[in-house]
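*Asks:* So that you have it, the file is upload-v5.cif, and it contains mmCIF, C-alpha atoms and all ligand atoms:
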```
data_query
#
loop_
_atom_site.group_PDB
_atom_site.id
_atom_site.type_symbol
_atom_site.label_atom_id
_atom_site.label_comp_id
_atom_site.auth_asym_id
_atom_site.auth_seq_id
_atom_site.Cartn_x
_atom_site.Cartn_y
_atom_site.Cartn_z
ATOM 1 C CA MET A 155 0.000 0.000 0.000
ATOM 2 C CA THR A 156 1.513 3.346 -1.014
ATOM 3 C CA ALA A 157 1.015 6.223 1.387
ATOM 4 C CA LEU A 158 -0.926 9.221 0.099
ATOM 5 C CA HIS A 159 1.013 12.441 -0.458
ATOM 6 C CA HIS A 160 0.689 15.117 2.186
ATOM 7 C CA PRO A 161 -1.841 17.690 0.982
ATOM 8 C CA PRO A 162 -0.425 21.211 0.447
ATOM 9 C CA PHE A 163 -3.275 22.856 2.341
ATOM 10 C CA GLN A 164 -5.950 21.770 4.739
ATOM 11 C CA ARG A 165 -9.646 21.903 3.841
ATOM 12 C CA LEU A 166 -12.145 23.564 6.159
ATOM 13 C CA TYR A 167 -15.627 22.047 6.280
ATOM 14 C CA ILE A 168 -18.186 23.965 8.298
ATOM 15 C CA ASN A 169 -20.585 22.040 10.502
ATOM 16 C CA ILE A 170 -23.824 24.029 10.231
ATOM 17 C CA ASP A 171 -25.895 22.004 12.736
ATOM 18 C CA HIS A 172 -25.514 24.835 15.200
ATOM 19 C CA VAL A 173 -27.410 27.207 12.926
ATOM 20 C CA ALA A 174 -30.302 24.739 12.909
ATOM 21 C CA THR A 175 -30.095 24.509 16.711
ATOM 22 C CA ILE A 176 -30.893 28.226 16.937
ATOM 23 C CA ARG A 177 -33.802 27.853 14.517
ATOM 24 C CA GLN A 178 -35.227 24.849 16.366
ATOM 25 C CA ALA A 179 -35.236 26.816 19.623
ATOM 26 C CA ARG A 180 -38.247 28.623 18.133
ATOM 27 C CA ARG A 181 -39.372 26.023 15.562
ATOM 28 C CA THR A 182 -39.401 28.804 12.986
ATOM 29 C CA ASP A 183 -37.697 29.154 9.608
ATOM 30 C CA GLU A 184 -34.725 31.299 10.601
ATOM 31 C CA PRO A 185 -31.793 31.193 10.636
ATOM 32 C CA ASP A 186 -31.729 28.871 7.639
ATOM 33 C CA PRO A 187 -28.768 26.439 7.712
ATOM 34 C CA VAL A 188 -28.776 26.237 3.907
ATOM 35 C CA ALA A 189 -28.370 30.010 3.587
ATOM 36 C CA ALA A 190 -25.584 29.765 6.186
ATOM 37 C CA ALA A 191 -23.912 26.999 4.162
ATOM 38 C CA LEU A 192 -23.924 29.157 1.033
ATOM 39 C CA ALA A 193 -22.490 32.113 2.969
ATOM 40 C CA CYS A 194 -19.716 29.849 4.326
ATOM 41 C CA GLU A 195 -18.900 28.659 0.822
ATOM 42 C CA GLY A 196 -18.806 32.245 -0.384
ATOM 43 C CA ALA A 197 -16.290 33.019 2.378
ATOM 44 C CA GLY A 198 -13.951 30.188 1.373
ATOM 45 C CA ALA A 199 -15.153 27.026 3.124
ATOM 46 C CA HIS A 200 -14.199 23.907 1.185
ATOM 47 C CA GLY A 201 -17.178 21.841 2.276
ATOM 48 C CA ILE A 202 -20.336 21.720 4.372
ATOM 49 C CA THR A 203 -21.059 19.182 7.101
ATOM 50 C CA ALA A 204 -24.440 18.443 8.669
ATOM 51 C CA HIS A 205 -25.472 15.754 11.138
ATOM 52 C CA LEU A 206 -28.962 14.345 10.691
ATOM 53 C CA ARG A 207 -29.623 12.892 14.117
ATOM 54 C CA GLU A 208 -32.144 10.177 14.800
ATOM 55 C CA ASP A 209 -34.055 12.557 17.137
ATOM 56 C CA ARG A 210 -33.938 15.440 14.559
ATOM 57 C CA ARG A 211 -32.974 17.874 17.322
ATOM 58 C CA HIS A 212 -31.342 20.341 14.925
ATOM 59 C CA ILE A 213 -30.958 19.423 11.250
ATOM 60 C CA GLN A 214 -34.220 18.232 9.653
ATOM 61 C CA ASP A 215 -34.843 15.955 6.661
ATOM 62 C CA ASP A 216 -35.770 18.930 4.515
ATOM 63 C CA ASP A 217 -32.444 20.606 5.387
ATOM 64 C CA VAL A 218 -30.352 17.691 4.137
ATOM 65 C CA THR A 219 -32.438 17.432 0.971
ATOM 66 C CA ARG A 220 -31.898 21.137 0.273
ATOM 67 C CA LEU A 221 -28.206 20.957 1.216
ATOM 68 C CA ALA A 222 -27.618 18.045 -1.145
ATOM 69 C CA ALA A 223 -29.156 20.123 -3.943
ATOM 70 C CA SER A 224 -27.588 23.499 -3.066
ATOM 71 C CA VAL A 225 -24.064 22.953 -1.789
ATOM 72 C CA GLN A 226 -21.581 23.982 -4.474
ATOM 73 C CA THR A 227 -18.470 22.607 -2.786
ATOM 74 C CA VAL A 228 -18.999 19.185 -1.201
ATOM 75 C CA PHE A 229 -21.563 17.883 1.252
ATOM 76 C CA ASN A 230 -20.428 15.682 4.134
ATOM 77 C CA LEU A 231 -23.411 13.980 5.785
ATOM 78 C CA GLU A 232 -22.752 12.895 9.360
ATOM 79 C CA MET A 233 -24.953 10.082 10.527
ATOM 80 C CA ALA A 234 -25.314 6.998 12.667
ATOM 81 C CA CYS A 235 -24.930 3.655 10.930
ATOM 82 C CA THR A 236 -28.632 2.740 10.811
ATOM 83 C CA GLU A 237 -30.854 1.444 8.023
ATOM 84 C CA GLU A 238 -32.855 4.683 8.012
ATOM 85 C CA MET A 239 -29.742 6.844 7.537
ATOM 86 C CA LEU A 240 -28.161 4.564 4.949
ATOM 87 C CA THR A 241 -31.340 4.780 2.872
ATOM 88 C CA ILE A 242 -31.346 8.591 3.139
ATOM 89 C CA ALA A 243 -27.690 8.731 2.068
ATOM 90 C CA GLU A 244 -28.371 6.502 -0.934
ATOM 91 C CA ARG A 245 -31.168 8.861 -1.966
ATOM 92 C CA LEU A 246 -29.220 12.106 -1.450
ATOM 93 C CA ARG A 247 -25.817 10.875 -2.634
ATOM 94 C CA PRO A 248 -23.638 13.306 -0.665
ATOM 95 C CA TYR A 249 -19.946 13.428 -1.543
ATOM 96 C CA GLN A 250 -19.108 11.790 1.773
ATOM 97 C CA VAL A 251 -20.760 10.259 4.809
ATOM 98 C CA THR A 252 -19.104 10.335 8.208
ATOM 99 C CA PHE A 253 -20.315 7.604 10.519
ATOM 100 C CA VAL A 254 -20.638 8.810 14.109
ATOM 101 C CA PRO A 255 -21.894 7.239 17.338
ATOM 102 C CA GLU A 256 -25.164 8.624 18.596
ATOM 103 C CA ARG A 257 -26.702 8.614 22.038
ATOM 104 C CA ARG A 258 -30.005 10.342 22.595
ATOM 105 C CA GLU A 259 -29.049 11.859 25.946
ATOM 106 C CA GLU A 260 -25.735 13.382 24.814
ATOM 107 C CA VAL A 261 -25.390 17.134 24.245
ATOM 108 C CA THR A 262 -22.981 16.546 21.358
ATOM 109 C CA THR A 263 -21.037 13.602 19.932
ATOM 110 C CA GLU A 264 -19.050 12.610 22.999
ATOM 111 C CA GLY A 265 -16.592 9.998 21.827
ATOM 112 C CA GLY A 266 -15.443 8.275 18.690
ATOM 113 C CA LEU A 267 -17.200 5.364 17.068
ATOM 114 C CA ASN A 268 -16.130 2.002 18.486
ATOM 115 C CA VAL A 269 -15.266 0.442 15.159
ATOM 116 C CA THR A 270 -14.384 -2.896 16.747
ATOM 117 C CA HIS A 271 -18.045 -3.296 17.737
ATOM 118 C CA ALA A 272 -20.334 -4.802 15.040
ATOM 119 C CA PRO A 273 -17.610 -4.754 12.363
ATOM 120 C CA ASP A 274 -19.708 -6.660 9.806
ATOM 121 C CA LEU A 275 -22.463 -4.059 10.006
ATOM 122 C CA LEU A 276 -19.977 -1.231 9.411
ATOM 123 C CA ALA A 277 -18.138 -3.027 6.621
ATOM 124 C CA ARG A 278 -21.438 -3.697 4.823
ATOM 125 C CA ALA A 279 -22.501 -0.048 5.268
ATOM 126 C CA ILE A 280 -19.180 1.176 3.817
ATOM 127 C CA GLU A 281 -19.640 -1.183 0.874
ATOM 128 C CA ARG A 282 -23.199 0.082 0.341
ATOM 129 C CA MET A 283 -21.984 3.670 0.313
ATOM 130 C CA ARG A 284 -19.195 2.777 -2.115
ATOM 131 C CA ASN A 285 -21.725 1.154 -4.454
ATOM 132 C CA ALA A 286 -23.708 4.416 -4.335
ATOM 133 C CA GLY A 287 -20.569 6.419 -5.218
ATOM 134 C CA ILE A 288 -20.213 7.888 -1.711
ATOM 135 C CA ARG A 289 -16.962 7.900 0.248
ATOM 136 C CA SER A 290 -17.061 6.830 3.894
ATOM 137 C CA SER A 291 -15.235 8.368 6.816
ATOM 138 C CA LEU A 292 -15.272 6.949 10.360
ATOM 139 C CA PHE A 293 -15.206 9.335 13.344
ATOM 140 C CA ILE A 294 -12.819 7.629 15.772
ATOM 141 C CA ASP A 295 -10.733 8.311 18.840
ATOM 142 C CA PRO A 296 -7.037 8.755 18.023
ATOM 143 C CA SER A 297 -5.893 5.240 18.883
ATOM 144 C CA PRO A 298 -3.858 2.787 16.769
ATOM 145 C CA VAL A 299 -6.448 0.024 17.275
ATOM 146 C CA MET A 300 -9.244 2.205 15.882
ATOM 147 C CA VAL A 301 -7.101 3.298 12.928
ATOM 148 C CA GLU A 302 -6.091 -0.259 12.004
ATOM 149 C CA GLN A 303 -9.669 -1.468 12.324
ATOM 150 C CA SER A 304 -10.967 1.415 10.154
ATOM 151 C CA ARG A 305 -8.538 0.339 7.467
ATOM 152 C CA ALA A 306 -9.619 -3.294 7.811
ATOM 153 C CA LEU A 307 -13.279 -2.292 7.413
ATOM 154 C CA GLY A 308 -12.540 -0.638 4.071
ATOM 155 C CA ALA A 309 -13.173 3.001 5.033
ATOM 156 C CA ASP A 310 -11.870 5.690 2.692
ATOM 157 C CA ALA A 311 -11.087 8.098 5.517
ATOM 158 C CA ILE A 312 -11.071 8.589 9.257
ATOM 159 C CA GLU A 313 -12.000 11.687 11.232
ATOM 160 C CA LEU A 314 -9.950 11.925 14.415
ATOM 161 C CA HIS A 315 -11.916 13.101 17.436
ATOM 162 C CA THR A 316 -10.118 16.207 18.717
ATOM 163 C CA GLY A 317 -12.410 16.691 21.729
ATOM 164 C CA ARG A 318 -9.973 15.461 24.344
ATOM 165 C CA TYR A 319 -7.216 17.671 22.920
ATOM 166 C CA ALA A 320 -9.641 20.635 22.876
ATOM 167 C CA HIS A 321 -10.392 20.089 26.570
ATOM 168 C CA HIS A 322 -6.705 19.639 27.463
ATOM 169 C CA PRO A 323 -4.762 21.692 24.901
ATOM 170 C CA ASP A 324 -1.715 21.927 27.176
ATOM 171 C CA ASP A 325 -1.414 18.179 27.713
ATOM 172 C CA PRO A 326 1.201 17.034 25.166
ATOM 173 C CA ALA A 327 -0.143 13.461 25.302
ATOM 174 C CA GLN A 328 -3.387 14.538 23.608
ATOM 175 C CA LEU A 329 -1.615 16.176 20.683
ATOM 176 C CA ASP A 330 0.828 13.259 20.420
ATOM 177 C CA ALA A 331 -2.095 10.833 20.182
ATOM 178 C CA LEU A 332 -3.571 12.856 17.286
ATOM 179 C CA ALA A 333 -0.220 13.165 15.502
ATOM 180 C CA SER A 334 0.624 9.474 15.743
ATOM 181 C CA ALA A 335 -2.875 8.308 14.771
ATOM 182 C CA ALA A 336 -2.735 10.664 11.767
ATOM 183 C CA ALA A 337 0.688 9.330 10.711
ATOM 184 C CA LEU A 338 -0.433 5.715 11.057
ATOM 185 C CA ALA A 339 -3.661 6.285 9.102
ATOM 186 C CA HIS A 340 -1.777 8.082 6.356
ATOM 187 C CA ALA A 341 0.741 5.240 6.132
ATOM 188 C CA ARG A 342 -2.178 2.809 5.747
ATOM 189 C CA GLY A 343 -3.551 4.809 2.811
ATOM 190 C CA LEU A 344 -6.481 6.381 4.652
ATOM 191 C CA HIS A 345 -7.468 10.012 4.170
ATOM 192 C CA VAL A 346 -7.187 11.827 7.498
ATOM 193 C CA HIS A 347 -9.734 14.332 8.817
ATOM 194 C CA ALA A 348 -10.206 15.766 12.308
ATOM 195 C CA GLY A 349 -12.676 17.762 14.307
ATOM 196 C CA HIS A 350 -14.646 18.557 17.447
ATOM 197 C CA GLY A 351 -14.128 21.432 19.843
ATOM 198 C CA LEU A 352 -11.662 23.292 17.601
ATOM 199 C CA THR A 353 -11.404 27.070 17.885
ATOM 200 C CA VAL A 354 -9.251 29.812 16.357
ATOM 201 C CA ARG A 355 -7.036 29.494 19.445
ATOM 202 C CA ASN A 356 -6.517 25.742 19.631
ATOM 203 C CA VAL A 357 -6.644 24.933 15.896
ATOM 204 C CA THR A 358 -2.994 25.858 15.202
ATOM 205 C CA ALA A 359 -1.407 22.688 16.579
ATOM 206 C CA VAL A 360 -3.920 20.425 14.806
ATOM 207 C CA ALA A 361 -3.602 22.319 11.518
ATOM 208 C CA ALA A 362 0.151 21.775 11.740
ATOM 209 C CA ILE A 363 -0.170 17.960 11.712
ATOM 210 C CA PRO A 364 0.853 17.367 8.096
ATOM 211 C CA GLU A 365 -1.274 14.280 7.396
ATOM 212 C CA ILE A 366 -4.559 15.947 8.356
ATOM 213 C CA GLU A 367 -6.333 17.014 5.167
ATOM 214 C CA GLU A 368 -9.657 18.259 6.454
ATOM 215 C CA LEU A 369 -11.070 19.876 9.592
ATOM 216 C CA ASN A 370 -14.761 19.872 10.510
ATOM 217 C CA ILE A 371 -15.561 22.864 12.684
ATOM 218 C CA GLY A 372 -18.946 24.139 13.812
ATOM 219 C CA HIS A 373 -19.651 25.485 17.249
ATOM 220 C CA SER A 374 -16.850 28.031 17.553
ATOM 221 C CA ILE A 375 -17.525 29.443 14.072
ATOM 222 C CA VAL A 376 -21.265 29.833 14.628
ATOM 223 C CA SER A 377 -20.558 31.362 18.067
ATOM 224 C CA ARG A 378 -18.122 33.857 16.580
ATOM 225 C CA ALA A 379 -20.645 34.609 13.810
ATOM 226 C CA VAL A 380 -22.966 36.137 16.410
ATOM 227 C CA PHE A 381 -20.448 38.968 16.758
ATOM 228 C CA VAL A 382 -18.782 39.299 13.352
ATOM 229 C CA GLY A 383 -21.012 37.439 10.884
ATOM 230 C CA ILE A 384 -20.470 33.974 9.510
ATOM 231 C CA ALA A 385 -18.332 35.036 6.538
ATOM 232 C CA VAL A 386 -15.771 36.796 8.757
ATOM 233 C CA ALA A 387 -15.815 33.860 11.190
ATOM 234 C CA VAL A 388 -14.958 31.478 8.337
ATOM 235 C CA VAL A 389 -12.183 33.753 7.053
ATOM 236 C CA GLU A 390 -10.678 34.030 10.547
ATOM 237 C CA MET A 391 -10.597 30.239 10.891
ATOM 238 C CA ARG A 392 -9.110 29.713 7.449
ATOM 239 C CA ASP A 393 -6.421 32.309 8.191
ATOM 240 C CA ALA A 394 -5.486 30.506 11.413
ATOM 241 C CA MET A 395 -5.309 27.160 9.576
ATOM 242 C CA ASP A 396 -3.382 28.533 6.593
ATOM 243 C CA ARG A 397 -0.860 30.255 8.862
ATOM 244 C CA ALA A 398 -0.174 26.993 10.710
ATOM 245 C CA ARG A 399 0.106 25.151 7.419
ATOM 246 C CA SER A 400 2.466 27.603 5.757
ATOM 247 C CA ALA A 401 4.720 27.573 8.832
ATOM 248 C CA LEU A 402 5.092 23.872 8.071
ATOM 249 C CA HIS A 403 6.468 24.562 4.610
ATOM 250 C CA THR A 404 8.946 27.335 5.550
HETATM 251 N N1 LIG B 501 -16.984 16.298 13.664
HETATM 252 C C1 LIG B 501 -17.979 15.530 14.184
HETATM 253 C C2 LIG B 501 -18.022 14.093 13.808
HETATM 254 C C3 LIG B 501 -18.962 16.101 15.037
HETATM 255 O O1 LIG B 501 -19.937 15.337 15.520
HETATM 256 C C4 LIG B 501 -18.887 17.470 15.327
HETATM 257 C C5 LIG B 501 -19.920 18.072 16.251
HETATM 258 O O2 LIG B 501 -20.852 18.793 15.648
HETATM 259 C C6 LIG B 501 -17.849 18.232 14.756
HETATM 260 C C7 LIG B 501 -16.897 17.619 13.958
HETATM 261 C C8 LIG B 501 -17.723 19.694 14.979
HETATM 262 O O3 LIG B 501 -17.511 19.947 16.323
HETATM 263 P P1 LIG B 501 -17.673 21.420 16.879
HETATM 264 O O4 LIG B 501 -19.090 21.805 16.670
HETATM 265 O O5 LIG B 501 -17.290 21.288 18.318
HETATM 266 O O6 LIG B 501 -16.731 22.285 16.090
#
```
Take the structure from the file and write it as structure tokens.

*Replies:*
Amino acid sequence: MTALHHPPFQRLYINIDHVATIRQARRTDEPDPVAAALACEGAGAHGITAHLREDRRHIQDDDVTRLAASVQTVFNLEMACTEEMLTIAERLRPYQVTFVPERREEVTTEGGLNVTHAPDLLARAIERMRNAGIRSSLFIDPSPVMVEQSRALGADAIELHTGRYAHHPDDPAQLDALASAAALAHARGLHVHAGHGLTVRNVTAVAAIPEIEELNIGHSIVSRAVFVGIAVAVVEMRDAMDRARSALHT
């Protein structure tokens, strides 16, 4: 297996669930996550991510249908590995699905997917997505076991859970875990993504991990958008990522 080349820049995908969370607080039609997605693209985002949860607490079915039709960059549909979601993905044909664990009582996705649990189910789901022309990414904790198993299941990509690093940015062990999982995944021919809890302040160290091609960032960008607008919030994040990346090449 030949390792993939390190990408020259890192892609920023915006997770727009948080826009839908504000709308659902009033069950009205604003703010519209699709309009937010288009504004993010206009400001330089490379992709749009949305998580259709089983309980539909933020993103709704109509949102993902409209996103699949409107996104001009690429649409990354986050979802649990269930029959209902697989059928929706086959209908919408997003560029990519990211399989995530889902627990009804959680506030947000709390940990990575345990890809050693029910491996046949996951492998069949990845195969189904591949047959529909959709690439599959697995949201996992940064551990060698999870990386090796993701490769064995036939995933195209992994998304490394950066939550623990985001909570403990000064603990070198958290960053080391991300860097070594990224290097291992890259050596195994997997595309490497990362996300969760990243902000303009803590993104620098993650953006500087050379194997990481894509970051999925939502909450901090939508929070910042309250003060400066979503376009400026996207530009600020891209600047922080690009600065970290260019430092790598000088
Ligand atoms: N990646 C995955 C798989 C997620 O579930 C989330 C949470 O929405 C994110 C990235 C983005 O995390 P945050 O909203 O903390 O930036």

*Asks:* List all protein, DNA and RNA residues that have an atom no more than 10 Å from any atom of ligand LIG 501 (chain B), counting all atoms listed in the file, and report them as a PyMOL selection string.

*Replies:* chain A and resi 167-172+203-205+231-233+252-256+261-267+291-294+312-317+320+347-353+369-377

*Asks:* When you draw a straight line from atom CA of A:Val251 to atom CA of A:Val386, how long is it in Å?

*Replies:*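 These atoms are spaced 27.3 Å apart.
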
*Asks:* Could you give me, as a list in words, the residues within 12 Å of A:His271, counting all atoms listed in the file and dropping anything in the same chain fewer than 3 positions from it?

*Replies:*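 Using all atoms listed in the file, the neighbours found are Cys235, Pro255, Gly266, Leu267, Asn268, Asp274, Leu275, Leu276, Ala277, Met300, Gln303, Ser304 and Leu307 of chain A.
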
*Asks:* Check which residues satisfy the PyMOL selection byres (((chain A and resi 216) around 12) and not hetatm) in the file shown, then give them as a ChimeraX atom specification.

*Replies:* /A:174,183,186-188,206,210,212-215,217-223,242,246

*Asks:* Which value, in Å to one decimal, gives the distance between atom CA of A:Ala362 and atom CA of A:Leu402?

*Replies:* 6.5 Å

*Asks:* Any chance you could resolve the PyMOL selection byres (((chain A and resi 396) around 12) and not hetatm) against this file and give the residues as number ranges by chain?

*Replies:* A: 162-166, 198, 354, 357-362, 367, 369, 389-395, 397-403

*Asks:* Give as an mmCIF file with C-alpha atoms, keeping the file's coordinate frame the residues that the PyMOL selection byres (((chain A and resi 328) around 12) and not hetatm) matches when applied to the coordinates above.

*Replies:*
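Saved result, expr.cif, follows:
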```cif
data_model
loop_
_atom_site.group_PDB
_atom_site.id
_atom_site.type_symbol
_atom_site.label_atom_id
_atom_site.label_comp_id
_atom_site.auth_asym_id
_atom_site.auth_seq_id
_atom_site.Cartn_x
_atom_site.Cartn_y
_atom_site.Cartn_z
ATOM 1 C CA ASP A 295 -10.733 8.311 18.840
ATOM 2 C CA PRO A 296 -7.037 8.755 18.023
ATOM 3 C CA SER A 297 -5.893 5.240 18.883
ATOM 4 C CA LEU A 314 -9.950 11.925 14.415
ATOM 5 C CA HIS A 315 -11.916 13.101 17.436
ATOM 6 C CA THR A 316 -10.118 16.207 18.717
ATOM 7 C CA GLY A 317 -12.410 16.691 21.729
ATOM 8 C CA ARG A 318 -9.973 15.461 24.344
ATOM 9 C CA TYR A 319 -7.216 17.671 22.920
ATOM 10 C CA ALA A 320 -9.641 20.635 22.876
ATOM 11 C CA HIS A 321 -10.392 20.089 26.570
ATOM 12 C CA HIS A 322 -6.705 19.639 27.463
ATOM 13 C CA PRO A 323 -4.762 21.692 24.901
ATOM 14 C CA ASP A 324 -1.715 21.927 27.176
ATOM 15 C CA ASP A 325 -1.414 18.179 27.713
ATOM 16 C CA PRO A 326 1.201 17.034 25.166
ATOM 17 C CA ALA A 327 -0.143 13.461 25.302
ATOM 18 C CA LEU A 329 -1.615 16.176 20.683
ATOM 19 C CA ASP A 330 0.828 13.259 20.420
ATOM 20 C CA ALA A 331 -2.095 10.833 20.182
ATOM 21 C CA LEU A 332 -3.571 12.856 17.286
ATOM 22 C CA ALA A 333 -0.220 13.165 15.502
ATOM 23 C CA SER A 334 0.624 9.474 15.743
ATOM 24 C CA ALA A 335 -2.875 8.308 14.771
ATOM 25 C CA ALA A 359 -1.407 22.688 16.579
ATOM 26 C CA VAL A 360 -3.920 20.425 14.806
#
```

*Asks:* Pick the closest to A:Ala189 from A:Met283, A:Val346, A:Ile366, A:Ala385: which is it, counting only C-alpha atoms?

*Replies:*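 That would be A:Ala385, the residue with the smallest distance to A:Ala189.
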
*Asks:* Kindly list the centre and edge lengths in Å, rounded to one decimal, for the axis-aligned box that covers all listed atoms of stretch 253-272 of chain A plus 5 Å on each of its six sides, as AutoDock Vina command-line options.

*Replies:*
```
--center_x -22.2 --center_y 6.2 --center_z 18.2 --size_x 25.6 --size_y 31.9 --size_z 25.4
```

*Asks:* Is there a way to complete stretch 180-195 of chain A with N, CA and C atoms and then write that out as a PDB file, in the frame of the given file?

*Replies:*
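out.pdb, written as the output of this step:
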```pdb
ATOM      1  N   ARG A 180     -36.951  27.985  18.345  1.00  0.00           N
ATOM      2  CA  ARG A 180     -38.247  28.623  18.133  1.00  0.00           C
ATOM      3  C   ARG A 180     -39.142  27.888  17.144  1.00  0.00           C
ATOM      4  N   ARG A 181     -38.617  26.769  16.584  1.00  0.00           N
ATOM      5  CA  ARG A 181     -39.372  26.023  15.562  1.00  0.00           C
ATOM      6  C   ARG A 181     -39.893  26.957  14.477  1.00  0.00           C
ATOM      7  N   THR A 182     -39.012  27.868  14.029  1.00  0.00           N
ATOM      8  CA  THR A 182     -39.401  28.804  12.986  1.00  0.00           C
ATOM      9  C   THR A 182     -38.582  28.499  11.736  1.00  0.00           C
ATOM     10  N   ASP A 183     -38.455  29.462  10.822  1.00  0.00           N
ATOM     11  CA  ASP A 183     -37.697  29.154   9.608  1.00  0.00           C
ATOM     12  C   ASP A 183     -36.394  29.947   9.522  1.00  0.00           C
ATOM     13  N   GLU A 184     -36.003  30.597  10.613  1.00  0.00           N
ATOM     14  CA  GLU A 184     -34.725  31.299  10.601  1.00  0.00           C
ATOM     15  C   GLU A 184     -33.967  31.067  11.915  1.00  0.00           C
ATOM     16  N   PRO A 185     -32.623  31.070  11.839  1.00  0.00           N
ATOM     17  CA  PRO A 185     -31.793  31.193  10.636  1.00  0.00           C
ATOM     18  C   PRO A 185     -31.780  29.891   9.839  1.00  0.00           C
ATOM     19  N   ASP A 186     -31.674  30.025   8.524  1.00  0.00           N
ATOM     20  CA  ASP A 186     -31.729  28.871   7.639  1.00  0.00           C
ATOM     21  C   ASP A 186     -30.316  28.284   7.459  1.00  0.00           C
ATOM     22  N   PRO A 187     -30.113  27.025   7.841  1.00  0.00           N
ATOM     23  CA  PRO A 187     -28.768  26.439   7.712  1.00  0.00           C
ATOM     24  C   PRO A 187     -28.283  26.364   6.261  1.00  0.00           C
ATOM     25  N   VAL A 188     -29.211  26.299   5.315  1.00  0.00           N
ATOM     26  CA  VAL A 188     -28.776  26.237   3.907  1.00  0.00           C
ATOM     27  C   VAL A 188     -28.226  27.596   3.484  1.00  0.00           C
ATOM     28  N   ALA A 189     -28.894  28.665   3.884  1.00  0.00           N
ATOM     29  CA  ALA A 189     -28.370  30.010   3.587  1.00  0.00           C
ATOM     30  C   ALA A 189     -27.006  30.187   4.260  1.00  0.00           C
ATOM     31  N   ALA A 190     -26.873  29.673   5.480  1.00  0.00           N
ATOM     32  CA  ALA A 190     -25.584  29.765   6.186  1.00  0.00           C
ATOM     33  C   ALA A 190     -24.510  28.988   5.429  1.00  0.00           C
ATOM     34  N   ALA A 191     -24.880  27.823   4.918  1.00  0.00           N
ATOM     35  CA  ALA A 191     -23.912  26.999   4.162  1.00  0.00           C
ATOM     36  C   ALA A 191     -23.411  27.773   2.947  1.00  0.00           C
ATOM     37  N   LEU A 192     -24.326  28.422   2.244  1.00  0.00           N
ATOM     38  CA  LEU A 192     -23.924  29.157   1.033  1.00  0.00           C
ATOM     39  C   LEU A 192     -23.033  30.341   1.400  1.00  0.00           C
ATOM     40  N   ALA A 193     -23.342  30.996   2.520  1.00  0.00           N
ATOM     41  CA  ALA A 193     -22.490  32.113   2.969  1.00  0.00           C
ATOM     42  C   ALA A 193     -21.095  31.601   3.345  1.00  0.00           C
ATOM     43  N   CYS A 194     -21.031  30.436   3.967  1.00  0.00           N
ATOM     44  CA  CYS A 194     -19.716  29.849   4.326  1.00  0.00           C
ATOM     45  C   CYS A 194     -18.918  29.532   3.064  1.00  0.00           C
ATOM     46  N   GLU A 195     -19.599  28.972   2.082  1.00  0.00           N
ATOM     47  CA  GLU A 195     -18.900  28.659   0.822  1.00  0.00           C
ATOM     48  C   GLU A 195     -18.379  29.939   0.172  1.00  0.00           C
TER      49      GLU A 195
END
```
